[in-house]
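Text of upload.txt (compact mmCIF, C-alpha atoms) as supplied:
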# COMPACT_ATOMS: atom_id res chain seq x y z
CA MET A 1 -55.06 -8.78 -21.12
CA ILE A 2 -56.60 -6.20 -18.80
CA ALA A 3 -58.51 -8.91 -16.95
CA GLU A 4 -55.30 -10.91 -16.50
CA LEU A 5 -53.50 -7.82 -15.21
CA ARG A 6 -56.27 -7.19 -12.72
CA LYS A 7 -56.11 -10.79 -11.58
CA TRP A 8 -52.35 -10.44 -11.13
CA THR A 9 -52.65 -7.22 -9.15
CA THR A 10 -55.30 -8.87 -6.99
CA LEU A 11 -53.42 -12.10 -6.37
CA VAL A 12 -49.96 -10.71 -5.56
CA PRO A 13 -50.97 -8.48 -2.60
CA VAL A 14 -52.93 -11.34 -1.05
CA LEU A 15 -50.05 -13.80 -1.44
CA ALA A 16 -47.59 -11.19 -0.13
CA PHE A 17 -49.79 -10.68 2.93
CA VAL A 18 -49.96 -14.46 3.51
CA LEU A 19 -46.17 -14.65 3.24
CA LEU A 20 -45.90 -11.78 5.72
CA ALA A 21 -48.13 -13.63 8.19
CA LEU A 22 -46.05 -16.81 7.84
CA THR A 23 -42.69 -15.06 8.27
CA TRP A 24 -43.55 -12.36 10.82
CA GLY A 25 -41.14 -12.32 13.76
CA ARG A 26 -38.99 -15.15 12.38
CA SER A 27 -35.39 -15.24 11.29
CA LEU A 28 -35.29 -15.65 7.51
CA PRO A 29 -32.70 -17.86 5.77
CA GLY A 30 -31.11 -16.70 2.53
CA GLY A 31 -33.50 -18.48 0.17
CA LEU A 32 -36.56 -17.18 1.98
CA VAL A 33 -35.14 -13.64 1.93
CA ALA A 34 -34.97 -13.87 -1.85
CA LEU A 35 -38.61 -15.03 -2.00
CA VAL A 36 -39.67 -12.19 0.30
CA ALA A 37 -37.82 -9.72 -1.92
CA VAL A 38 -39.69 -10.98 -5.00
CA PHE A 39 -43.09 -10.58 -3.34
CA LEU A 40 -42.00 -7.23 -1.93
CA ALA A 41 -41.36 -5.97 -5.46
CA GLY A 42 -44.64 -7.44 -6.67
CA ALA A 43 -46.57 -5.79 -3.85
CA VAL A 44 -44.98 -2.44 -4.73
CA LEU A 45 -46.09 -2.71 -8.36
CA ALA A 46 -49.57 -3.79 -7.31
CA ALA A 47 -49.81 -0.84 -4.91
CA VAL A 48 -48.93 1.55 -7.74
CA HIS A 49 -51.64 0.04 -9.95
CA HIS A 50 -54.36 0.27 -7.31
CA ALA A 51 -53.32 3.80 -6.36
CA GLU A 52 -53.72 4.87 -9.98
CA VAL A 53 -57.18 3.24 -10.12
CA ILE A 54 -58.23 5.21 -7.03
CA ALA A 55 -56.69 8.41 -8.40
CA HIS A 56 -58.62 7.91 -11.65
CA ARG A 57 -61.85 7.52 -9.70
CA VAL A 58 -61.49 10.44 -7.25
CA GLY A 59 -59.35 12.72 -9.45
CA GLU A 60 -56.42 14.91 -8.56
CA PRO A 61 -55.19 15.96 -6.10
CA PHE A 62 -57.13 13.46 -3.96
CA GLY A 63 -55.50 10.45 -5.63
CA SER A 64 -51.99 11.60 -4.71
CA LEU A 65 -53.11 12.25 -1.13
CA VAL A 66 -54.53 8.73 -0.72
CA LEU A 67 -51.25 7.04 -1.65
CA ALA A 68 -49.07 9.42 0.39
CA VAL A 69 -51.14 9.14 3.56
CA ALA A 70 -51.59 5.38 3.29
CA VAL A 71 -47.86 4.74 2.91
CA THR A 72 -46.94 7.15 5.70
CA ILE A 73 -49.40 5.74 8.24
CA ILE A 74 -47.99 2.26 7.75
CA GLU A 75 -44.43 3.65 7.78
CA VAL A 76 -45.13 5.31 11.14
CA ALA A 77 -46.40 2.01 12.50
CA LEU A 78 -43.17 0.36 11.34
CA ILE A 79 -41.03 3.01 13.04
CA VAL A 80 -42.87 2.73 16.34
CA THR A 81 -42.69 -1.08 16.19
CA LEU A 82 -38.93 -1.03 15.64
CA MET A 83 -38.42 1.53 18.41
CA ALA A 84 -40.45 -0.53 20.86
CA ASP A 85 -37.53 -2.89 21.63
CA GLY A 86 -35.76 -0.01 23.41
CA SER A 87 -32.46 -0.65 21.65
CA GLU A 88 -29.94 2.20 21.71
CA LYS A 89 -29.39 1.86 17.96
CA ASN A 90 -33.05 2.76 17.35
CA ALA A 91 -32.81 6.09 19.18
CA THR A 92 -32.22 7.88 15.87
CA LEU A 93 -34.52 5.70 13.76
CA ALA A 94 -37.36 8.25 13.53
CA ARG A 95 -34.92 11.06 12.65
CA ASP A 96 -33.08 9.00 10.03
CA THR A 97 -36.31 7.77 8.44
CA VAL A 98 -37.97 11.19 8.29
CA PHE A 99 -34.87 12.87 6.91
CA ALA A 100 -34.40 10.09 4.37
CA ALA A 101 -38.02 10.53 3.29
CA VAL A 102 -37.52 14.29 2.86
CA MET A 103 -34.35 13.84 0.80
CA ILE A 104 -35.79 11.03 -1.33
CA THR A 105 -39.03 12.86 -2.09
CA CYS A 106 -37.80 16.46 -2.44
CA ASN A 107 -34.63 15.61 -4.37
CA GLY A 108 -34.85 12.06 -5.71
CA ILE A 109 -38.49 11.89 -6.83
CA VAL A 110 -38.69 15.57 -7.79
CA GLY A 111 -35.39 15.45 -9.67
CA ILE A 112 -36.09 12.37 -11.73
CA SER A 113 -39.67 13.52 -12.44
CA ILE A 114 -38.45 16.88 -13.75
CA LEU A 115 -35.80 15.14 -15.81
CA VAL A 116 -38.25 12.67 -17.36
CA THR A 117 -40.80 15.36 -18.23
CA ALA A 118 -38.34 18.01 -19.41
CA LEU A 119 -36.35 15.65 -21.62
CA LYS A 120 -39.56 14.57 -23.36
CA HIS A 121 -41.37 17.93 -23.49
CA ARG A 122 -38.45 20.40 -23.21
CA VAL A 123 -39.96 22.05 -20.10
CA ALA A 124 -41.76 20.63 -17.05
CA VAL A 125 -44.78 22.84 -16.27
CA PHE A 126 -46.52 22.92 -12.89
CA ASN A 127 -48.54 25.25 -10.64
CA SER A 128 -46.09 27.32 -8.59
CA GLU A 129 -48.78 28.51 -6.12
CA GLY A 130 -49.67 25.11 -4.72
CA THR A 131 -46.21 23.60 -5.16
CA GLY A 132 -44.56 26.55 -3.45
CA ALA A 133 -47.00 26.43 -0.53
CA ALA A 134 -46.38 22.72 -0.02
CA PHE A 135 -42.61 23.11 -0.21
CA GLY A 136 -42.69 26.02 2.24
CA ALA A 137 -44.56 23.82 4.72
CA ILE A 138 -41.98 21.05 4.25
CA ALA A 139 -39.09 23.44 4.90
CA THR A 140 -40.77 24.82 8.03
CA LEU A 141 -41.55 21.44 9.57
CA ALA A 142 -38.14 20.02 8.70
CA VAL A 143 -36.36 22.88 10.46
CA LEU A 144 -38.68 22.87 13.48
CA SER A 145 -38.50 19.09 13.96
CA LEU A 146 -35.02 18.11 12.78
CA VAL A 147 -32.77 21.17 13.15
CA LEU A 148 -33.92 22.92 16.34
CA PRO A 149 -33.24 19.90 18.63
CA THR A 150 -29.53 20.24 17.86
CA PHE A 151 -29.47 23.77 19.26
CA THR A 152 -31.81 23.53 22.26
CA THR A 153 -30.20 23.52 25.72
CA SER A 154 -32.95 22.18 27.99
CA THR A 155 -31.73 18.60 27.56
CA PRO A 156 -28.26 17.26 26.71
CA GLY A 157 -27.69 16.10 23.17
CA PRO A 158 -29.80 16.70 20.07
CA GLN A 159 -33.07 15.99 21.89
CA PHE A 160 -36.21 17.94 22.70
CA SER A 161 -37.42 18.42 26.24
CA PRO A 162 -40.96 17.08 26.86
CA THR A 163 -42.45 20.57 26.45
CA GLN A 164 -40.52 21.20 23.24
CA LEU A 165 -41.50 17.79 21.87
CA VAL A 166 -45.18 18.51 22.51
CA PHE A 167 -44.83 21.82 20.66
CA ALA A 168 -43.04 20.22 17.69
CA ALA A 169 -45.63 17.43 17.47
CA THR A 170 -48.56 19.85 17.69
CA ALA A 171 -47.09 22.25 15.14
CA SER A 172 -46.33 19.38 12.73
CA LEU A 173 -49.85 17.98 12.95
CA ILE A 174 -51.55 21.39 12.61
CA VAL A 175 -49.47 22.41 9.59
CA TYR A 176 -50.12 19.06 7.93
CA LEU A 177 -53.87 19.35 8.50
CA LEU A 178 -53.79 22.89 7.07
CA PHE A 179 -52.01 21.50 4.01
CA VAL A 180 -54.66 18.81 3.57
CA ALA A 181 -57.45 21.39 3.90
CA THR A 182 -55.74 23.63 1.35
CA LEU A 183 -55.14 20.71 -1.00
CA THR A 184 -58.63 19.27 -0.91
CA VAL A 185 -61.05 22.08 0.03
CA ARG A 186 -60.10 25.74 -0.11
CA HIS A 187 -57.51 25.93 -2.90
CA ARG A 188 -57.71 22.65 -4.74
CA ASP A 189 -57.09 24.45 -8.05
CA TYR A 190 -53.60 25.41 -6.85
CA PHE A 191 -52.63 21.75 -7.06
CA LEU A 192 -54.04 21.07 -10.52
CA ALA A 193 -51.84 21.16 -13.60
CA PRO A 194 -51.88 24.46 -15.52
CA SER A 195 -52.44 24.57 -19.28
CA ARG A 196 -49.22 24.19 -21.20
CA GLN A 197 -48.65 27.37 -23.29
CA PRO A 198 -46.26 26.92 -26.21
CA ALA A 199 -43.42 29.43 -25.88
CA ARG A 200 -43.12 29.87 -29.65
CA ALA A 201 -46.82 30.71 -30.03
CA THR A 202 -46.58 33.28 -27.24
CA ALA A 203 -43.57 34.92 -28.84
CA ASP A 204 -45.26 35.01 -32.25
CA ALA A 205 -48.40 36.57 -30.76
CA THR A 206 -46.30 39.27 -29.12
CA ALA A 207 -44.45 40.00 -32.36
CA THR A 208 -47.62 40.29 -34.44
CA ALA A 209 -49.66 42.23 -31.90
CA VAL A 210 -48.09 45.56 -32.99
CA PRO A 211 -47.31 45.88 -36.73
CA ALA A 212 -44.25 47.75 -37.86
CA VAL A 213 -44.80 51.47 -38.62
CA SER A 214 -42.51 53.38 -40.98
CA PRO A 215 -41.45 56.91 -39.97
CA GLY A 216 -44.00 59.57 -40.94
CA SER A 217 -46.76 57.13 -41.80
CA PRO A 218 -50.07 57.18 -39.92
CA THR A 219 -50.46 54.77 -37.09
CA PRO A 220 -52.53 51.81 -38.25
CA THR A 221 -55.48 50.57 -36.30
CA GLN A 222 -54.29 47.81 -33.98
CA THR A 223 -56.47 44.76 -33.70
CA PRO A 224 -55.91 42.70 -30.58
CA THR A 225 -54.46 39.31 -31.24
CA PRO A 226 -56.21 36.55 -29.37
CA ALA A 227 -54.14 34.68 -26.81
CA PRO A 228 -52.77 31.38 -28.07
CA ALA A 229 -54.89 28.40 -27.22
CA PRO A 230 -53.43 25.82 -24.86
CA ALA A 231 -51.62 23.01 -26.56
CA PRO A 232 -53.80 19.97 -27.11
CA ALA A 233 -53.34 17.18 -24.67
CA PRO A 234 -51.09 14.39 -25.92
CA ALA A 235 -52.61 11.11 -26.87
CA ASP A 236 -51.45 9.35 -23.70
CA GLU A 237 -53.32 11.95 -21.60
CA GLU A 238 -56.66 10.63 -22.75
CA HIS A 239 -58.33 8.57 -20.04
CA ALA A 240 -60.61 5.63 -20.28
CA ALA A 241 -63.93 5.66 -18.45
CA PRO A 242 -63.45 6.05 -14.68
CA PRO A 243 -63.67 2.82 -12.70
CA THR A 244 -66.91 1.99 -10.95
CA SER A 245 -67.40 2.52 -7.24
CA ARG A 246 -67.08 -1.22 -6.68
CA GLU A 247 -63.75 -1.32 -8.53
CA ALA A 248 -62.50 1.72 -6.61
CA TRP A 249 -63.39 0.22 -3.23
CA LEU A 250 -61.76 -3.07 -4.22
CA SER A 251 -58.60 -1.22 -5.25
CA LEU A 252 -58.63 0.75 -1.99
CA SER A 253 -58.79 -2.51 -0.01
CA LEU A 254 -56.06 -4.13 -2.08
CA LEU A 255 -53.94 -0.97 -1.79
CA GLY A 256 -54.08 -1.28 1.98
CA VAL A 257 -53.17 -4.98 1.81
CA ALA A 258 -50.31 -4.25 -0.58
CA LEU A 259 -48.88 -1.42 1.54
CA VAL A 260 -49.09 -3.45 4.75
CA SER A 261 -47.26 -6.23 2.91
CA VAL A 262 -44.61 -3.83 1.59
CA VAL A 263 -43.81 -2.36 4.99
CA GLY A 264 -44.08 -5.67 6.82
CA LEU A 265 -41.87 -7.53 4.36
CA ALA A 266 -39.40 -4.64 4.45
CA LYS A 267 -39.24 -5.08 8.23
CA GLY A 268 -38.74 -8.82 7.69
CA VAL A 269 -35.69 -8.30 5.49
CA SER A 270 -34.31 -5.47 7.66
CA PRO A 271 -32.21 -7.85 9.84
CA THR A 272 -30.55 -9.13 6.67
CA ILE A 273 -29.98 -5.53 5.57
CA GLU A 274 -28.54 -4.69 9.00
CA ARG A 275 -26.14 -7.65 8.87
CA THR A 276 -25.07 -6.76 5.35
CA VAL A 277 -24.50 -3.12 6.33
CA ALA A 278 -22.55 -4.13 9.45
CA ASP A 279 -20.43 -6.65 7.54
CA ALA A 280 -19.61 -3.96 4.96
CA GLY A 281 -18.52 -1.58 7.72
CA LEU A 282 -21.17 1.03 6.81
CA PRO A 283 -22.90 3.37 9.30
CA ALA A 284 -26.07 2.09 10.95
CA SER A 285 -28.04 5.00 9.47
CA VAL A 286 -27.74 3.33 6.04
CA VAL A 287 -30.37 0.82 7.24
CA GLY A 288 -32.89 3.64 7.65
CA VAL A 289 -32.09 4.94 4.19
CA VAL A 290 -32.60 1.53 2.57
CA ILE A 291 -35.86 0.89 4.40
CA ALA A 292 -37.14 4.38 3.49
CA MET A 293 -36.32 3.75 -0.16
CA LEU A 294 -38.21 0.45 -0.07
CA VAL A 295 -41.24 2.01 1.62
CA LEU A 296 -41.29 4.94 -0.83
CA LEU A 297 -41.06 2.75 -3.93
CA PRO A 298 -44.82 2.98 -4.70
CA GLU A 299 -44.72 6.80 -4.72
CA THR A 300 -41.51 6.81 -6.73
CA ILE A 301 -42.82 4.56 -9.47
CA SER A 302 -46.18 6.34 -9.60
CA ALA A 303 -44.50 9.77 -9.81
CA ILE A 304 -42.17 8.68 -12.62
CA ARG A 305 -45.07 7.22 -14.60
CA SER A 306 -47.02 10.46 -14.17
CA ALA A 307 -43.99 12.48 -15.28
CA ALA A 308 -43.63 10.35 -18.40
CA ARG A 309 -47.24 11.30 -19.28
CA ASP A 310 -46.50 15.02 -18.81
CA ARG A 311 -48.39 15.15 -15.51
CA MET A 312 -45.68 16.94 -13.59
CA GLN A 313 -48.12 18.41 -11.09
CA THR A 314 -49.23 14.94 -10.05
CA SER A 315 -45.59 13.92 -9.52
CA LEU A 316 -44.97 16.96 -7.33
CA ASN A 317 -48.18 16.37 -5.38
CA LEU A 318 -46.99 12.84 -4.66
CA ALA A 319 -43.46 13.90 -3.67
CA HIS A 320 -44.34 16.88 -1.50
CA GLY A 321 -47.42 15.20 -0.05
CA SER A 322 -45.32 12.23 1.03
CA ALA A 323 -42.67 14.46 2.61
CA LEU A 324 -45.27 16.46 4.52
CA ALA A 325 -47.10 13.33 5.65
CA SER A 326 -43.83 11.78 6.80
CA ILE A 327 -43.03 14.74 9.06
CA GLY A 328 -46.57 15.71 10.00
CA LEU A 329 -47.57 12.21 11.08
CA THR A 330 -44.29 10.67 12.26
CA ILE A 331 -43.27 13.38 14.75
CA PRO A 332 -46.66 13.37 16.58
CA ALA A 333 -46.68 9.56 16.59
CA VAL A 334 -43.20 9.18 18.07
CA ALA A 335 -43.97 11.98 20.54
CA VAL A 336 -46.92 9.98 21.85
CA ALA A 337 -44.93 6.73 21.75
CA SER A 338 -42.07 8.31 23.72
CA THR A 339 -44.32 8.39 26.79
CA TRP A 340 -44.08 4.61 27.06
CA LEU A 341 -40.90 3.80 25.10
CA SER A 342 -37.86 3.34 27.32
CA GLY A 343 -35.16 4.42 24.86
CA PRO A 344 -34.11 8.00 24.05
CA LEU A 345 -35.59 9.93 21.13
CA VAL A 346 -32.91 11.73 19.12
CA LEU A 347 -34.34 14.07 16.47
CA GLY A 348 -31.57 16.61 15.83
CA LEU A 349 -29.56 16.31 12.63
CA ASP A 350 -25.78 16.38 12.53
CA PRO A 351 -24.00 19.31 10.79
CA THR A 352 -23.52 17.44 7.50
CA HIS A 353 -27.21 16.66 7.16
CA MET A 354 -28.17 20.21 8.15
CA VAL A 355 -26.03 21.50 5.28
CA LEU A 356 -27.77 19.11 2.88
CA LEU A 357 -31.18 20.17 4.19
CA ALA A 358 -30.33 23.86 3.76
CA LEU A 359 -29.11 23.17 0.21
CA SER A 360 -32.28 21.21 -0.56
CA ILE A 361 -34.47 24.08 0.67
CA ALA A 362 -32.56 26.64 -1.38
CA VAL A 363 -32.57 24.55 -4.57
CA GLY A 364 -36.21 23.54 -4.12
CA THR A 365 -37.28 27.16 -3.65
CA LEU A 366 -35.54 28.24 -6.86
CA THR A 367 -37.11 25.30 -8.71
CA VAL A 368 -40.75 25.87 -7.72
CA MET A 369 -40.85 29.69 -7.98
CA PRO A 370 -41.05 29.98 -11.82
CA GLY A 371 -43.58 27.17 -12.27
CA ARG A 372 -41.39 25.73 -15.04
CA ALA A 373 -38.30 23.56 -14.86
CA THR A 374 -35.69 22.33 -17.33
CA PRO A 375 -33.45 19.27 -17.25
CA LEU A 376 -30.87 21.41 -15.44
CA GLN A 377 -33.07 21.70 -12.34
CA GLY A 378 -33.73 17.98 -12.41
CA GLY A 379 -30.01 17.27 -12.60
CA VAL A 380 -29.29 19.62 -9.68
CA HIS A 381 -31.85 17.87 -7.46
CA LEU A 382 -30.41 14.48 -8.37
CA ALA A 383 -26.89 15.76 -7.59
CA VAL A 384 -28.06 16.71 -4.08
CA MET A 385 -29.67 13.29 -3.70
CA ALA A 386 -26.45 11.60 -4.83
CA ALA A 387 -24.47 13.64 -2.30
CA TYR A 388 -26.84 12.49 0.43
CA LEU A 389 -26.40 8.82 -0.51
CA VAL A 390 -22.60 9.13 -0.77
CA LEU A 391 -22.36 10.83 2.63
CA ALA A 392 -24.72 8.26 4.15
CA VAL A 393 -22.29 5.52 3.09
CA SER A 394 -19.13 7.53 3.76
CA PRO A 395 -19.91 10.28 6.32
Exercise: express the given structure as C-alpha cells:
Amino acid sequence: MIAELRKWTTLVPVLAFVLLALTWGRSLPGGLVALVAVFLAGAVLAAVHHAEVIAHRVGEPFGSLVLAVAVTIIEVALIVTLMADGSEKNATLARDTVFAAVMITCNGIVGISILVTALKHRVAVFNSEGTGAAFGAIATLAVLSLVLPTFTTSTPGPQFSPTQLVFAATASLIVYLLFVATLTVRHRDYFLAPSRQPARATADATATAVPAVSPGSPTPTQTPTPAPAPAPAPADEEHAAPPTSREAWLSLSLLGVALVSVVGLAKGVSPTIERTVADAGLPASVVGVVIAMLVLLPETISAIRSAARDRMQTSLNLAHGSALASIGLTIPAVAVASTWLSGPLVLGLDPTHMVLLALSIAVGTLTVMPGRATPLQGGVHLAVMAAYLVLAVSP
C-alpha cells in the first residue's frame, strides 16, 4: 500500500507538469479545464505528501520553512509573469495576492487549525515566544508595505515613490531574513512545540502541596510535590523511521515539480476564473483571492493534518511562515520588476481592507499571547476570514 502511494505521488506531479507544458499559453476549452483542475488537485495532494517526507527528514521547524518558501517563490514568479503584460487590471495584483495570503494564513489556516486541535484536545497548545515574534513581524511588514502607501503624498494614489518602494522592499527582505535566522539558528527552540501540561494535574499538585492545618496545631513539615510529568504523546504522534537521504532528495525534487505544476496550472485556469467572475458581476479582486487560495492549498492541507495530530506549533509555523514569505519575498520581487514593467504598481489597501487588517492584528495578538487557544479563538479567526471573503464578493 505504501509503495503504491509513493508511486501515485511520484506519477501525478510528473503528469501534471507534462500537462502544464502542453497547455501553457493556450486557451483551454471547458473539458480541458476540468482535466487541468483534476491534475491541479492531485498535484496539491502530492506536494503535501512530499513536504511531510522532507519535514520528517529535516525536522521542525525546517520542514515548515521548506514548504512555505517553495510555494512563495513560485507564487512570486506567477505574480511577476501576470504583471508583465502591462494590463491596467494587474496594477493591484501584487497587493491583492499578498493581502489574500495574509488573511488566508493568519485567519483561515490559523482559525481552522486551532478549531481542529481544540475540539479534539480541549486546548491548542503552542509556544507563544516564537509564534508571537513571527506574528509581530507579519503585522509590521503588512503595515509598512500595504497600509503606508495609502497615506504617502509623494505620488498620487495608493502608490510608493521609487525611494519609498526601495525602503519597503529592503525592510521586508531584511525582516524576513531575520525571521529565518531566528527560526533556524539562534532561537529554534522558540518554534518547537511545548510539552502539554494537563490542567487537572497542575491544579491537584497545587492543592496537595500545602496540607490543611487546623487552628492551634503545629505546622507540619511540608514536602515539595514534584511537578506533574508532561502528558504522554498520543499514539498518532509516534513516527516511523526517518526517510533516507535518497528518499528526501527525491521528495524535494518532486515537491518542486508539484509546486510548479500547481502554480502553472492555476495560471492556466485563471482566464476561466476571470470570465466566470466577470460574468457573475463580481469585483476583479476576487480572481486574486481564488488564485491565492489555490496556491496556498498545500500549506492549508498540511497545517490541518498537523493540527489533527495535536501538532499545533507546526500548523502555526506553516501559516505564519507562509505569510512572512509572501510579504518578505513578493514586495522585493515586484519592486525589482517595477523597473522594467510598464504598468503602475498599486500597493495601498482600501479602507475596508485596512479595517480587516487591523482587526486581524488585534485578534491574532490576543490569540498568541497566552500560548493556549480554545475553540472560541478559532471561531473568531474564521469569522474574520468569512468577513474578508464576503466583502471581497460584495465590497
I'd like the box whose edges run along x, y and z of the file and which contains every listed atom of range 97-114 of chain A, padded by 5 Å per side; could you state its centre and edge lengths in Å, one decimal, as JSON?
{"center_x": -37.0, "center_y": 12.3, "center_z": -2.7, "size_x": 15.3, "size_y": 19.1, "size_z": 32.2}
Using only C-alpha atoms: which of A:Pro332, A:Val393, A:Ala47, A:Phe99 has the shortest distance to Val277 in chain A: A:Val393
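The closest residue to Thr244 in chain A, picked from A:Arg57, A:Asn90, A:Pro149, A:Pro162 and counting all atoms listed in the file, is A:Arg57.
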Excluding Ser360 in chain A and any residue of its chain fewer than 4 positions from it, enumerate the residues within 8 Å of it, using only C-alpha atoms, and give them as a PDB file with C-alpha atoms, in the coordinates of the input.
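Writing done, so here's selection_1.pdb:
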ATOM      1  CA  MET A 103     -34.350  13.840   0.800  1.00  0.00           C
ATOM      2  CA  CYS A 106     -37.800  16.460  -2.440  1.00  0.00           C
ATOM      3  CA  ASN A 107     -34.630  15.610  -4.370  1.00  0.00           C
ATOM      4  CA  LEU A 356     -27.770  19.110   2.880  1.00  0.00           C
ATOM      5  CA  GLY A 364     -36.210  23.540  -4.120  1.00  0.00           C
ATOM      6  CA  HIS A 381     -31.850  17.870  -7.460  1.00  0.00           C
ATOM      7  CA  VAL A 384     -28.060  16.710  -4.080  1.00  0.00           C
TER       8      VAL A 384
END
By how many Å are CA of Pro158 in chain A and CA of Ala323 in chain A apart?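 We find that CA of Pro158 in chain A and CA of Ala323 in chain A lie 21.8 Å from each other.
Within a radius of 10 Å around (-40.0, 3.8, -9.4), the polymer residues are Val44, Leu45, Val48, Ile109, Ile112, Met293, Leu296, Leu297, Pro298, Glu299, Thr300, Ile301, Ser302, Ala303, Ile304 and Arg305 of chain A, counting all atoms listed in the file.
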Could those residues be written to a file, using C-alpha atoms, as a compact mmCIF listing (two decimals), in the coordinates of the input?
# COMPACT_ATOMS: atom_id res chain seq x y z
CA VAL A 44 -44.98 -2.44 -4.73
CA LEU A 45 -46.09 -2.71 -8.36
CA VAL A 48 -48.93 1.55 -7.74
CA ILE A 109 -38.49 11.89 -6.83
CA ILE A 112 -36.09 12.37 -11.73
CA MET A 293 -36.32 3.75 -0.16
CA LEU A 296 -41.29 4.94 -0.83
CA LEU A 297 -41.06 2.75 -3.93
CA PRO A 298 -44.82 2.98 -4.70
CA GLU A 299 -44.72 6.80 -4.72
CA THR A 300 -41.51 6.81 -6.73
CA ILE A 301 -42.82 4.56 -9.47
CA SER A 302 -46.18 6.34 -9.60
CA ALA A 303 -44.50 9.77 -9.81
CA ILE A 304 -42.17 8.68 -12.62
CA ARG A 305 -45.07 7.22 -14.60
I want to know what sits within 9 Å of Gly348 in chain A, based on all atoms listed in the file, with residues of the same chain fewer than 2 positions away left out; could you give that as number ranges by chain? A: 92, 95, 145-151, 157-160, 346, 350
What separation in Å, quoted to one decimal, exists between CA of Ser154 in chain A and CA of Trp340 in chain A?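 About the pair CA of Ser154 in chain A and CA of Trp340 in chain A: they are 20.8 Å apart.
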Name the closest residue to Ile138 in chain A among the candidates A:Val287, A:Val125, A:Ile361, A:Leu366; distances are taken between atoms, counting all atoms listed in the file. A:Ile361
Would you kindly identify which residues have an atom no farther than 12 Å from (-33.2, 25.0, -6.5), using all atoms listed in the file and the file's own coordinates, and write them out as a ChimeraX atom specification? /A:106-107,110-111,132,135,357-370,372-374,376-384
Can you tell me how far CA of Val185 in chain A sits from CA of Thr72 in chain A, in Å to one decimal?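 Between these atoms lies a distance of 21.3 Å.
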Please provide the set of residues having any atom within 8 Å of Gly264 in chain A, restricted to all atoms listed in the file, with same-chain residues fewer than 4 positions apart removed, written as a JSON list (two decimals) with C-alpha atoms, in the coordinates of the input.
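Once everything was written out, this is around06.json:
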[["chain", "number", "residue", "atom", "x", "y", "z"],
["A", 20, "LEU", "CA", -45.90, -11.78, 5.72],
["A", 24, "TRP", "CA", -43.55, -12.36, 10.82],
["A", 78, "LEU", "CA", -43.17, 0.36, 11.34],
["A", 260, "VAL", "CA", -49.09, -3.45, 4.75],
["A", 268, "GLY", "CA", -38.74, -8.82, 7.69]]
Residues near Gly371 in chain A, cut-off 7 Å, all atoms listed in the file, skip fewer than 4 positions along chain, as a count of residues only: 4
For Leu178 in chain A, find every residue with an atom within 12 Å (counting all atoms listed in the file), except residues of its own chain fewer than 3 positions away, and show them as a ChimeraX atom specification. /A:133-134,137,171-175,181-187,324-325,328
Using all atoms listed in the file, which of the listed residues (A:Gly343, A:Gly25, A:Pro13, A:Gly31) sits closest to Pro271 in chain A?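 Of the candidates, the smallest distance to Pro271 in chain A is held by A:Gly25.
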Nearest to Thr10 in chain A by atom-to-atom distance, counting only C-alpha atoms, from A:Thr314, A:Ser251, A:Thr352, A:Thr131: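 Looking only at the distances to Thr10 in chain A, the closest residue turns out to be A:Ser251.
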Taking into account only C-alpha atoms, which residue in the set A:Val66, A:Ala21, A:Val289, A:Ala124 is nearest to Ala392 in chain A?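 With only C-alpha atoms as the atom set, the closest residue is A:Val289.
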